[in-house]
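Quick look at upload.csv (CSV, C-alpha atoms and all ligand atoms):
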```csv
chain,number,residue,atom,x,y,z
A,1,MET,CA,0.0,0.0,0.0
A,2,PHE,CA,2.8,2.4,1.0
A,3,SER,CA,4.7,1.8,-2.2
A,4,ARG,CA,1.6,2.3,-4.3
A,5,MET,CA,1.0,5.6,-2.6
A,6,SER,CA,4.6,6.6,-3.2
A,7,ILE,CA,4.4,5.7,-6.8
A,8,THR,CA,1.2,7.7,-7.3
A,9,LYS,CA,2.7,10.7,-5.6
A,10,SER,CA,5.8,10.4,-7.7
A,11,ILE,CA,3.8,10.3,-10.9
A,12,LYS,CA,1.8,13.3,-9.8
A,13,ASN,CA,5.0,15.2,-9.0
A,14,CYS,CA,6.5,14.3,-12.3
A,15,SER,CA,3.4,15.3,-14.2
A,16,ASP,CA,3.3,18.6,-12.3
A,17,ASN,CA,7.0,19.2,-13.1
A,18,ILE,CA,6.4,18.6,-16.8
A,19,LYS,CA,3.5,21.1,-16.8
A,20,ARG,CA,5.6,23.7,-15.0
A,21,LEU,CA,8.4,23.1,-17.6
A,22,ARG,CA,6.0,23.4,-20.5
A,23,TYR,CA,4.7,26.7,-19.0
A,24,ALA,CA,8.2,28.1,-18.5
A,25,LEU,CA,9.1,27.1,-22.1
A,26,ASP,CA,6.1,28.7,-23.5
A,27,LEU,CA,6.8,31.9,-21.6
A,28,ALA,CA,10.5,32.0,-22.4
A,29,ASP,CA,12.0,34.5,-24.9
A,30,ALA,CA,15.2,32.5,-24.9
A,31,VAL,CA,16.4,29.1,-23.7
A,32,VAL,CA,19.9,28.2,-22.4
A,33,ILE,CA,20.5,24.5,-22.4
A,34,GLY,CA,23.2,23.1,-20.2
A,35,ALA,CA,23.8,19.4,-21.0
A,36,GLY,CA,26.0,16.7,-19.4
A,37,ALA,CA,26.7,13.0,-19.9
A,38,GLY,CA,23.3,11.9,-18.5
A,39,LEU,CA,21.5,13.3,-21.5
A,40,SER,CA,23.5,11.0,-23.9
A,41,THR,CA,23.0,8.1,-21.5
A,42,SER,CA,19.2,8.7,-21.8
A,43,ALA,CA,19.6,8.7,-25.6
A,44,GLY,CA,21.1,5.2,-25.3
A,45,TYR,CA,24.8,5.9,-25.5
A,46,ILE,CA,25.5,3.3,-22.8
A,47,TYR,CA,29.1,2.4,-22.2
A,48,THR,CA,28.5,-1.0,-20.5
A,49,GLY,CA,26.3,-4.1,-21.0
A,50,GLU,CA,25.0,-5.0,-24.5
A,51,ARG,CA,26.7,-2.2,-26.4
A,52,PHE,CA,30.0,-2.9,-24.8
A,53,GLU,CA,29.7,-6.6,-25.4
A,54,LYS,CA,28.7,-6.1,-29.1
A,55,TYR,CA,31.7,-4.1,-30.0
A,56,PHE,CA,34.4,-4.9,-27.5
A,57,SER,CA,33.9,-8.5,-26.4
A,58,ASP,CA,37.3,-9.4,-28.0
A,59,PHE,CA,39.2,-6.7,-26.0
A,60,ALA,CA,37.2,-7.6,-22.9
A,61,ALA,CA,38.3,-11.3,-23.2
A,62,GLU,CA,41.9,-10.3,-23.8
A,63,TYR,CA,42.3,-7.6,-21.1
A,64,ASN,CA,39.5,-8.3,-18.6
A,65,PHE,CA,37.8,-5.0,-18.4
A,66,ASN,CA,34.0,-4.5,-18.4
A,67,ASP,CA,33.2,-1.2,-19.8
A,68,MET,CA,34.3,1.2,-22.5
A,69,TYR,CA,35.8,3.8,-20.2
A,70,ALA,CA,38.1,1.2,-18.6
A,71,GLY,CA,39.2,0.0,-22.0
A,72,GLY,CA,40.0,3.5,-23.0
A,73,PHE,CA,42.6,3.8,-20.2
A,74,TYR,CA,44.3,0.5,-20.9
A,75,PRO,CA,48.0,0.9,-21.8
A,76,TYR,CA,48.0,-1.0,-25.1
A,77,GLU,CA,51.5,-2.1,-26.1
A,78,THR,CA,51.2,-0.8,-29.7
A,79,ALA,CA,49.7,2.2,-31.3
A,80,GLU,CA,48.0,-0.1,-33.8
A,81,GLU,CA,46.1,-1.8,-31.1
A,82,HIS,CA,45.4,1.4,-29.2
A,83,TRP,CA,43.8,2.9,-32.3
A,84,ALA,CA,41.8,-0.3,-33.1
A,85,TYR,CA,40.1,0.1,-29.7
A,86,TRP,CA,39.7,3.9,-29.9
A,87,SER,CA,38.5,3.9,-33.5
A,88,ARG,CA,35.6,1.6,-32.5
A,89,TYR,CA,34.9,3.7,-29.4
A,90,ILE,CA,34.9,7.0,-31.4
A,91,TYR,CA,32.9,5.5,-34.2
A,92,ILE,CA,30.0,4.1,-32.1
A,93,ASN,CA,29.9,7.1,-29.8
A,94,ARG,CA,30.3,9.9,-32.3
A,95,TYR,CA,29.6,8.9,-35.8
A,96,MET,CA,26.9,6.3,-35.2
A,97,ASP,CA,23.5,7.8,-34.2
A,98,PRO,CA,22.3,7.3,-30.6
A,99,PRO,CA,19.7,4.5,-30.3
A,100,LYS,CA,16.9,6.8,-29.0
A,101,PRO,CA,15.6,10.2,-30.4
A,102,VAL,CA,16.1,12.2,-27.2
A,103,TYR,CA,18.1,14.9,-28.8
A,104,ASP,CA,15.7,15.2,-31.7
A,105,ARG,CA,12.8,15.7,-29.3
A,106,LEU,CA,14.7,18.3,-27.4
A,107,PHE,CA,15.4,20.1,-30.7
A,108,GLU,CA,11.7,20.1,-31.6
A,109,LEU,CA,11.0,21.8,-28.3
A,110,VAL,CA,13.5,24.7,-28.8
A,111,ARG,CA,14.0,25.0,-32.5
A,112,ASP,CA,11.7,28.0,-32.8
A,113,LYS,CA,13.2,29.7,-29.7
A,114,ASP,CA,16.2,31.9,-29.4
A,115,TYR,CA,18.4,29.1,-27.8
A,116,PHE,CA,22.0,28.4,-27.0
A,117,VAL,CA,23.6,25.1,-25.8
A,118,LEU,CA,26.5,24.7,-23.4
A,119,THR,CA,27.7,21.2,-23.1
A,120,THR,CA,30.4,19.0,-21.7
A,121,ASN,CA,29.3,16.2,-24.1
A,122,VAL,CA,31.8,15.3,-26.8
A,123,ASP,CA,29.6,13.1,-28.9
A,124,HIS,CA,28.2,15.6,-31.4
A,125,CYS,CA,24.6,14.6,-30.7
A,126,PHE,CA,23.3,18.1,-30.7
A,127,GLN,CA,24.6,18.8,-34.2
A,128,LYS,CA,23.4,15.5,-35.5
A,129,SER,CA,19.9,16.3,-34.4
A,130,GLY,CA,19.8,19.7,-36.1
A,131,PHE,CA,21.0,22.1,-33.5
A,132,ASP,CA,22.8,25.1,-35.1
A,133,LYS,CA,26.5,24.8,-34.8
A,134,LYS,CA,26.7,28.5,-34.1
A,135,ARG,CA,24.5,28.1,-31.1
A,136,LEU,CA,26.7,25.4,-29.5
A,137,PHE,CA,29.6,25.6,-27.2
A,138,TYR,CA,31.1,22.1,-26.5
A,139,THR,CA,33.5,23.0,-23.8
A,140,GLN,CA,35.3,19.7,-23.3
A,141,GLY,CA,36.2,18.8,-26.9
A,142,ASP,CA,34.9,16.4,-29.5
A,143,TYR,CA,35.5,12.7,-30.2
A,144,GLY,CA,35.6,13.8,-33.9
A,145,LEU,CA,38.7,15.9,-33.6
A,146,PHE,CA,42.4,15.0,-33.2
A,147,GLN,CA,45.1,17.3,-31.8
A,148,CYS,CA,48.8,17.0,-31.3
A,149,SER,CA,49.4,15.0,-28.1
A,150,GLN,CA,52.3,17.3,-27.1
A,151,PRO,CA,50.6,19.7,-28.0
A,152,CYS,CA,52.9,21.8,-30.1
A,153,HIS,CA,50.2,24.0,-31.6
A,154,ASN,CA,46.5,24.9,-31.1
A,155,SER,CA,44.8,23.4,-34.1
A,156,THR,CA,42.4,20.4,-34.3
A,157,TYR,CA,41.9,18.0,-37.1
A,158,ASP,CA,38.7,16.3,-38.3
A,159,ASN,CA,39.2,12.5,-37.9
A,160,LYS,CA,36.2,11.1,-39.8
A,161,ASP,CA,38.2,9.8,-42.8
A,162,VAL,CA,40.8,8.0,-40.8
A,163,ILE,CA,38.4,6.6,-38.2
A,164,PHE,CA,36.2,5.2,-40.9
A,165,LYS,CA,39.3,3.6,-42.6
A,166,MET,CA,40.4,2.2,-39.2
A,167,ILE,CA,37.0,0.6,-38.7
A,168,GLU,CA,36.9,-0.9,-42.2
A,169,ALA,CA,40.5,-2.2,-41.8
A,170,GLN,CA,39.3,-4.2,-38.8
A,171,GLY,CA,36.8,-6.0,-41.0
A,172,TYR,CA,33.7,-4.1,-40.3
A,173,ILE,CA,31.3,-3.0,-43.1
A,174,ILE,CA,29.7,0.4,-42.6
A,175,ASN,CA,26.0,0.3,-43.6
A,176,GLU,CA,24.3,3.3,-45.2
A,177,ASP,CA,22.5,4.0,-41.9
A,178,GLY,CA,25.9,4.1,-40.1
A,179,THR,CA,25.5,0.7,-38.3
A,180,LEU,CA,28.3,-1.8,-38.4
A,181,ILE,CA,28.2,-5.4,-39.5
A,182,LEU,CA,30.8,-8.1,-39.7
A,183,PRO,CA,30.8,-10.7,-42.5
A,184,ASP,CA,29.4,-14.0,-41.4
A,185,GLY,CA,31.7,-15.9,-39.1
A,186,ALA,CA,34.3,-13.1,-39.2
A,187,ALA,CA,36.0,-11.7,-36.0
A,188,PRO,CA,37.2,-8.1,-36.1
A,189,LYS,CA,41.0,-7.5,-36.1
A,190,MET,CA,42.3,-6.0,-32.9
A,191,SER,CA,44.8,-3.7,-34.6
A,192,VAL,CA,44.9,-1.2,-37.5
A,193,PRO,CA,47.4,-0.9,-40.3
A,194,THR,CA,50.5,1.1,-39.2
A,195,GLU,CA,50.0,3.6,-42.0
A,196,LEU,CA,46.7,4.7,-40.5
A,197,VAL,CA,48.2,5.7,-37.2
A,198,SER,CA,48.2,9.5,-37.2
A,199,TYR,CA,51.0,11.9,-36.3
A,200,CYS,CA,51.2,15.6,-35.8
A,201,PRO,CA,51.9,17.4,-39.1
A,202,LYS,CA,54.1,19.9,-37.4
A,203,CYS,CA,56.2,18.0,-34.8
A,204,GLY,CA,55.7,14.4,-35.7
A,205,LYS,CA,54.4,13.4,-32.2
A,206,PRO,CA,51.4,11.0,-32.0
A,207,MET,CA,48.0,12.6,-32.4
A,208,SER,CA,45.5,12.3,-29.5
A,209,MET,CA,41.8,13.0,-29.1
A,210,ASN,CA,40.7,16.6,-28.5
A,211,LEU,CA,39.2,15.8,-25.0
A,212,ARG,CA,39.7,17.7,-21.8
A,213,ALA,CA,41.3,14.8,-19.9
A,214,ASP,CA,44.4,16.7,-18.7
A,215,ASN,CA,46.3,19.9,-19.3
A,216,THR,CA,47.2,19.0,-22.8
A,217,PHE,CA,43.7,19.9,-24.1
A,218,VAL,CA,43.8,22.2,-27.1
A,219,GLU,CA,41.3,25.1,-27.2
A,220,ASP,CA,41.3,25.8,-30.9
A,221,GLU,CA,40.0,28.7,-32.9
A,222,GLY,CA,36.5,27.2,-33.1
A,223,TRP,CA,36.5,26.7,-29.3
A,224,HIS,CA,37.3,30.4,-28.7
A,225,LEU,CA,34.7,31.6,-31.2
A,226,ALA,CA,32.0,29.4,-29.6
A,227,ALA,CA,33.0,30.9,-26.2
A,228,GLU,CA,32.6,34.4,-27.5
A,229,ARG,CA,29.2,33.5,-29.1
A,230,TYR,CA,28.0,32.2,-25.7
A,231,GLU,CA,29.2,35.3,-23.9
A,232,SER,CA,27.5,37.6,-26.4
A,233,PHE,CA,24.3,35.5,-26.2
A,234,LEU,CA,24.2,35.9,-22.5
A,235,ARG,CA,24.7,39.7,-22.8
A,236,LYS,CA,21.9,39.8,-25.4
A,237,ILE,CA,19.3,38.0,-23.3
A,238,GLN,CA,20.0,39.8,-20.0
A,239,GLU,CA,16.7,41.6,-19.8
A,240,GLN,CA,14.7,38.8,-21.4
A,241,ASN,CA,12.6,36.0,-19.9
A,242,VAL,CA,15.1,33.2,-20.0
A,243,LEU,CA,14.7,29.5,-19.3
A,244,PHE,CA,17.9,27.8,-18.1
A,245,LEU,CA,17.4,24.1,-18.7
A,246,GLU,CA,20.2,22.0,-17.3
A,247,LEU,CA,20.0,18.3,-18.3
A,248,GLY,CA,21.9,15.2,-17.4
A,249,VAL,CA,24.6,16.8,-15.3
A,250,GLY,CA,26.1,15.9,-12.0
A,251,TYR,CA,28.5,17.6,-9.5
A,252,ASN,CA,31.5,16.4,-11.5
A,253,THR,CA,30.4,18.2,-14.6
A,254,PRO,CA,28.1,21.1,-13.7
A,255,VAL,CA,27.5,23.0,-16.9
A,256,LEU,CA,25.6,26.3,-16.5
A,257,CYS,CA,26.8,27.0,-13.0
A,258,SER,CA,30.5,26.3,-13.5
A,259,LEU,CA,30.7,28.5,-16.6
A,260,SER,CA,28.5,31.3,-15.7
A,261,ALA,CA,29.8,34.7,-16.9
A,262,SER,CA,29.0,36.3,-13.6
A,263,PRO,CA,29.2,33.9,-10.6
A,264,ARG,CA,27.8,35.4,-7.4
A,265,THR,CA,28.5,32.7,-4.9
A,266,LYS,CA,30.8,29.8,-4.4
A,267,LYS,CA,29.8,26.4,-3.2
A,268,TYR,CA,32.3,24.3,-1.4
A,269,MET,CA,32.3,20.6,-2.3
A,270,ILE,CA,34.0,17.6,-0.9
A,271,LYS,CA,33.8,14.5,-2.9
A,272,GLN,CA,34.5,11.3,-1.0
A,273,GLN,CA,35.3,7.9,-2.5
A,274,LEU,CA,35.2,4.8,-0.4
A,275,HIS,CA,37.7,2.1,-1.4
A,276,ARG,CA,37.4,-1.6,-0.8
A,277,HIS,CA,39.2,-1.2,2.5
A,278,PRO,CA,36.9,0.8,4.7
A,279,SER,CA,39.7,2.8,6.4
A,280,LYS,CA,40.8,4.2,3.0
A,281,ILE,CA,38.8,7.2,1.9
A,282,SER,CA,40.0,9.6,-0.8
A,283,LYS,CA,38.7,13.1,-0.8
A,284,THR,CA,38.7,15.6,-3.6
A,285,GLU,CA,38.0,19.2,-2.5
A,286,TYR,CA,37.0,21.9,-4.9
A,287,TYR,CA,35.1,25.1,-5.3
A,288,GLU,CA,32.2,25.2,-7.6
A,289,ARG,CA,31.1,28.6,-8.9
A,290,ARG,CA,27.4,29.1,-8.8
A,291,CYS,CA,25.4,31.2,-11.1
A,292,ALA,CA,22.5,32.0,-8.8
B,301,ZN,ZN,52.8,18.6,-32.6
```
Could you write out this file's structure as structure tokens?
Amino acid sequence: MFSRMSITKSIKNCSDNIKRLRYALDLADAVVIGAGAGLSTSAGYIYTGERFEKYFSDFAAEYNFNDMYAGGFYPYETAEEHWAYWSRYIYINRYMDPPKPVYDRLFELVRDKDYFVLTTNVDHCFQKSGFDKKRLFYTQGDYGLFQCSQPCHNSTYDNKDVIFKMIEAQGYIINEDGTLILPDGAAPKMSVPTELVSYCPKCGKPMSMNLRADNTFVEDEGWHLAAERYESFLRKIQEQNVLFLELGVGYNTPVLCSLSASPRTKKYMIKQQLHRHPSKISKTEYYERRCA
């Protein structure tokens, strides 16, 4: 009985929240969307389970990891193997469409509004669903871009051609709709040809992904232009009725609050992580800037 009441209450709250959001959206002159990884998870970009098994069961059997993130950190012995893993990872999470139309529905809701998107997501889902590139600021990079691993200069390079070649070199066939198939009975190769491994055109060091994983992240010209567009959008809408819609974010990747142009307060966070041994607790302390 108790649980039925809780569920009913929860559904009512959810329904009320949807109505409030619809009302706010209808009233808004402008919408600022802040999006984190949870939005892509809801669109079906899942890094474990069935999707992981489908594309990485050979790597999992060889190296004993259980999700795509873990495999991405594995120190493969050769560049050819590293890029076999990463080209599959980039292909299915950047060039292949997400399984569910979450981004398309979001676009339908805001396409006639004056909108801007600020996102930590690197999977290109907004652009694939029709969002205007000039109304997007992807702050943490893009799986579709390479940069010098050093880095010796601040340019990024489109990786579509080479990633597709790496995928095909492993034995996959790319269908017209972007899905991958293997010929009957074939197992994918776990390495790519040496000539497909990319190196920096200026210094010759290996290329890496343009992802904000450490202090080598390159903020290229496009990044700075997008930052300027975001700042000027915020200035333009200052006196307007604005809906700030933050979706799929956590404390690790706050979007709107952390990058607000005029933070007013700071929130002090301590993140604790319990290890297997109960006496071992690691703490990460940081300040989060707040926008309201
Ligand atoms: Zn270089």
Open item on the list: Using Å and a single decimal, report how far CA of Phe137 in chain A sits from CA of Ala30 in chain A.
Closed with: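 One can read the CA of Ala30 in chain A to CA of Phe137 in chain A distance as 16.1 Å.
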TODO: Collect all residues with atoms no farther than 6 Å from ligand ZN 301 (chain B), counting only C-alpha atoms and all ligand atoms, and output them as a VMD selection string.
DONE: chain A and resid 148 150 to 152 200 202 to 205
- [ ] In Å, rounded to a single decimal, give me how far CA of Cys14 in chain A is from CA of Thr119 in chain A.
- [x]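 Computing the Euclidean distance for CA of Thr119 in chain A and CA of Cys14 in chain A yields 24.8 Å.
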- [ ] Counting all atoms listed in the file, figure out which residue out of A:Tyr172, A:His153, A:Arg111, A:Glu219 gets nearest to Leu25 in chain A.
- [x] A:Arg111
Open item on the list: Could you check the closest approach to Asn210 in chain A for each of A:Leu145, A:Ala84, A:Ile33, A:Cys125 and tell me which residue wins, using only C-alpha atoms?
Closed with: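 Of A:Leu145, A:Ala84, A:Ile33, A:Cys125, the one nearest Asn210 in chain A is A:Leu145, counting only C-alpha atoms.
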Open item on the list: Under the rule that only C-alpha atoms are counted, which of A:Ser155, A:Pro201, A:Asp177, A:Gly171 is the nearest residue to Glu221 in chain A?
Closed with: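 Checking each candidate against Glu221 in chain A, we get A:Ser155 as the closest.
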Task: Given all atoms listed in the file as the counted atoms, nearest of A:Phe244, A:Tyr85, A:Phe233, A:Tyr95 to Lys134 in chain A - done: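 Closest candidate: A:Phe233.
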Please produce range 35-67 of chain A, completed to N, CA and C atoms, as a PDB file, keeping the file's coordinate frame.
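Saved as out.pdb:
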```
ATOM      1  N   ALA A  35      24.016  20.843 -20.870  1.00  0.00           N
ATOM      2  CA  ALA A  35      23.800  19.400 -21.000  1.00  0.00           C
ATOM      3  C   ALA A  35      25.094  18.628 -20.597  1.00  0.00           C
ATOM      4  N   GLY A  36      24.907  17.573 -19.804  1.00  0.00           N
ATOM      5  CA  GLY A  36      26.000  16.700 -19.400  1.00  0.00           C
ATOM      6  C   GLY A  36      25.783  15.280 -19.900  1.00  0.00           C
ATOM      7  N   ALA A  37      26.641  14.385 -19.425  1.00  0.00           N
ATOM      8  CA  ALA A  37      26.700  13.000 -19.900  1.00  0.00           C
ATOM      9  C   ALA A  37      25.340  12.282 -19.791  1.00  0.00           C
ATOM     10  N   GLY A  38      24.575  12.625 -18.746  1.00  0.00           N
ATOM     11  CA  GLY A  38      23.300  11.900 -18.500  1.00  0.00           C
ATOM     12  C   GLY A  38      22.342  12.048 -19.670  1.00  0.00           C
ATOM     13  N   LEU A  39      22.438  13.148 -20.408  1.00  0.00           N
ATOM     14  CA  LEU A  39      21.500  13.300 -21.500  1.00  0.00           C
ATOM     15  C   LEU A  39      21.818  12.284 -22.629  1.00  0.00           C
ATOM     16  N   SER A  40      23.104  12.055 -22.887  1.00  0.00           N
ATOM     17  CA  SER A  40      23.500  11.000 -23.900  1.00  0.00           C
ATOM     18  C   SER A  40      23.182   9.632 -23.390  1.00  0.00           C
ATOM     19  N   THR A  41      23.313   9.425 -22.083  1.00  0.00           N
ATOM     20  CA  THR A  41      23.000   8.100 -21.500  1.00  0.00           C
ATOM     21  C   THR A  41      21.475   7.855 -21.767  1.00  0.00           C
ATOM     22  N   SER A  42      20.644   8.886 -21.565  1.00  0.00           N
ATOM     23  CA  SER A  42      19.200   8.700 -21.800  1.00  0.00           C
ATOM     24  C   SER A  42      18.891   8.467 -23.258  1.00  0.00           C
ATOM     25  N   ALA A  43      19.785   8.924 -24.136  1.00  0.00           N
ATOM     26  CA  ALA A  43      19.600   8.700 -25.600  1.00  0.00           C
ATOM     27  C   ALA A  43      20.121   7.312 -25.997  1.00  0.00           C
ATOM     28  N   GLY A  44      20.659   6.563 -25.040  1.00  0.00           N
ATOM     29  CA  GLY A  44      21.100   5.200 -25.300  1.00  0.00           C
ATOM     30  C   GLY A  44      22.568   5.011 -25.564  1.00  0.00           C
ATOM     31  N   TYR A  45      23.353   6.077 -25.395  1.00  0.00           N
ATOM     32  CA  TYR A  45      24.800   5.900 -25.500  1.00  0.00           C
ATOM     33  C   TYR A  45      25.288   5.323 -24.145  1.00  0.00           C
ATOM     34  N   ILE A  46      25.121   4.002 -24.023  1.00  0.00           N
ATOM     35  CA  ILE A  46      25.500   3.300 -22.800  1.00  0.00           C
ATOM     36  C   ILE A  46      26.864   2.675 -22.996  1.00  0.00           C
ATOM     37  N   TYR A  47      27.732   2.809 -22.004  1.00  0.00           N
ATOM     38  CA  TYR A  47      29.100   2.400 -22.200  1.00  0.00           C
ATOM     39  C   TYR A  47      29.395   0.999 -21.541  1.00  0.00           C
ATOM     40  N   THR A  48      28.322   0.343 -21.109  1.00  0.00           N
ATOM     41  CA  THR A  48      28.500  -1.000 -20.500  1.00  0.00           C
ATOM     42  C   THR A  48      27.467  -1.927 -21.170  1.00  0.00           C
ATOM     43  N   GLY A  49      27.404  -3.166 -20.647  1.00  0.00           N
ATOM     44  CA  GLY A  49      26.300  -4.100 -21.000  1.00  0.00           C
ATOM     45  C   GLY A  49      26.365  -4.464 -22.515  1.00  0.00           C
ATOM     46  N   GLU A  50      25.169  -4.469 -23.108  1.00  0.00           N
ATOM     47  CA  GLU A  50      25.000  -5.000 -24.500  1.00  0.00           C
ATOM     48  C   GLU A  50      25.844  -4.274 -25.511  1.00  0.00           C
ATOM     49  N   ARG A  51      25.878  -2.947 -25.433  1.00  0.00           N
ATOM     50  CA  ARG A  51      26.700  -2.200 -26.400  1.00  0.00           C
ATOM     51  C   ARG A  51      28.157  -2.496 -26.280  1.00  0.00           C
ATOM     52  N   PHE A  52      28.607  -2.584 -25.041  1.00  0.00           N
ATOM     53  CA  PHE A  52      30.000  -2.900 -24.800  1.00  0.00           C
ATOM     54  C   PHE A  52      30.335  -4.302 -25.342  1.00  0.00           C
ATOM     55  N   GLU A  53      29.463  -5.254 -25.017  1.00  0.00           N
ATOM     56  CA  GLU A  53      29.700  -6.600 -25.400  1.00  0.00           C
ATOM     57  C   GLU A  53      29.716  -6.740 -26.973  1.00  0.00           C
ATOM     58  N   LYS A  54      28.810  -6.009 -27.609  1.00  0.00           N
ATOM     59  CA  LYS A  54      28.700  -6.100 -29.100  1.00  0.00           C
ATOM     60  C   LYS A  54      29.951  -5.676 -29.791  1.00  0.00           C
ATOM     61  N   TYR A  55      30.580  -4.632 -29.303  1.00  0.00           N
ATOM     62  CA  TYR A  55      31.700  -4.100 -30.000  1.00  0.00           C
ATOM     63  C   TYR A  55      33.077  -4.340 -29.408  1.00  0.00           C
ATOM     64  N   PHE A  56      33.101  -4.785 -28.154  1.00  0.00           N
ATOM     65  CA  PHE A  56      34.400  -4.900 -27.500  1.00  0.00           C
ATOM     66  C   PHE A  56      34.606  -6.237 -26.763  1.00  0.00           C
ATOM     67  N   SER A  57      33.807  -7.252 -27.093  1.00  0.00           N
ATOM     68  CA  SER A  57      33.900  -8.500 -26.400  1.00  0.00           C
ATOM     69  C   SER A  57      35.335  -9.130 -26.563  1.00  0.00           C
ATOM     70  N   ASP A  58      35.956  -8.880 -27.744  1.00  0.00           N
ATOM     71  CA  ASP A  58      37.300  -9.400 -28.000  1.00  0.00           C
ATOM     72  C   ASP A  58      38.329  -8.742 -27.061  1.00  0.00           C
ATOM     73  N   PHE A  59      38.242  -7.409 -26.942  1.00  0.00           N
ATOM     74  CA  PHE A  59      39.200  -6.700 -26.000  1.00  0.00           C
ATOM     75  C   PHE A  59      38.884  -7.080 -24.582  1.00  0.00           C
ATOM     76  N   ALA A  60      37.602  -7.251 -24.238  1.00  0.00           N
ATOM     77  CA  ALA A  60      37.200  -7.600 -22.900  1.00  0.00           C
ATOM     78  C   ALA A  60      37.826  -8.976 -22.499  1.00  0.00           C
ATOM     79  N   ALA A  61      37.751  -9.924 -23.450  1.00  0.00           N
ATOM     80  CA  ALA A  61      38.300 -11.300 -23.200  1.00  0.00           C
ATOM     81  C   ALA A  61      39.796 -11.228 -23.035  1.00  0.00           C
ATOM     82  N   GLU A  62      40.446 -10.385 -23.805  1.00  0.00           N
ATOM     83  CA  GLU A  62      41.900 -10.300 -23.800  1.00  0.00           C
ATOM     84  C   GLU A  62      42.428  -9.580 -22.539  1.00  0.00           C
ATOM     85  N   TYR A  63      41.755  -8.511 -22.145  1.00  0.00           N
ATOM     86  CA  TYR A  63      42.300  -7.600 -21.100  1.00  0.00           C
ATOM     87  C   TYR A  63      41.467  -7.552 -19.833  1.00  0.00           C
ATOM     88  N   ASN A  64      40.309  -8.224 -19.831  1.00  0.00           N
ATOM     89  CA  ASN A  64      39.500  -8.300 -18.600  1.00  0.00           C
ATOM     90  C   ASN A  64      39.007  -7.019 -18.054  1.00  0.00           C
ATOM     91  N   PHE A  65      38.490  -6.161 -18.918  1.00  0.00           N
ATOM     92  CA  PHE A  65      37.800  -5.000 -18.400  1.00  0.00           C
ATOM     93  C   PHE A  65      36.300  -5.109 -18.848  1.00  0.00           C
ATOM     94  N   ASN A  66      35.426  -4.335 -18.183  1.00  0.00           N
ATOM     95  CA  ASN A  66      34.000  -4.500 -18.400  1.00  0.00           C
ATOM     96  C   ASN A  66      33.209  -3.348 -18.899  1.00  0.00           C
ATOM     97  N   ASP A  67      33.889  -2.290 -19.219  1.00  0.00           N
ATOM     98  CA  ASP A  67      33.200  -1.200 -19.800  1.00  0.00           C
ATOM     99  C   ASP A  67      34.101  -0.360 -20.693  1.00  0.00           C
TER     100      ASP A  67
END
```
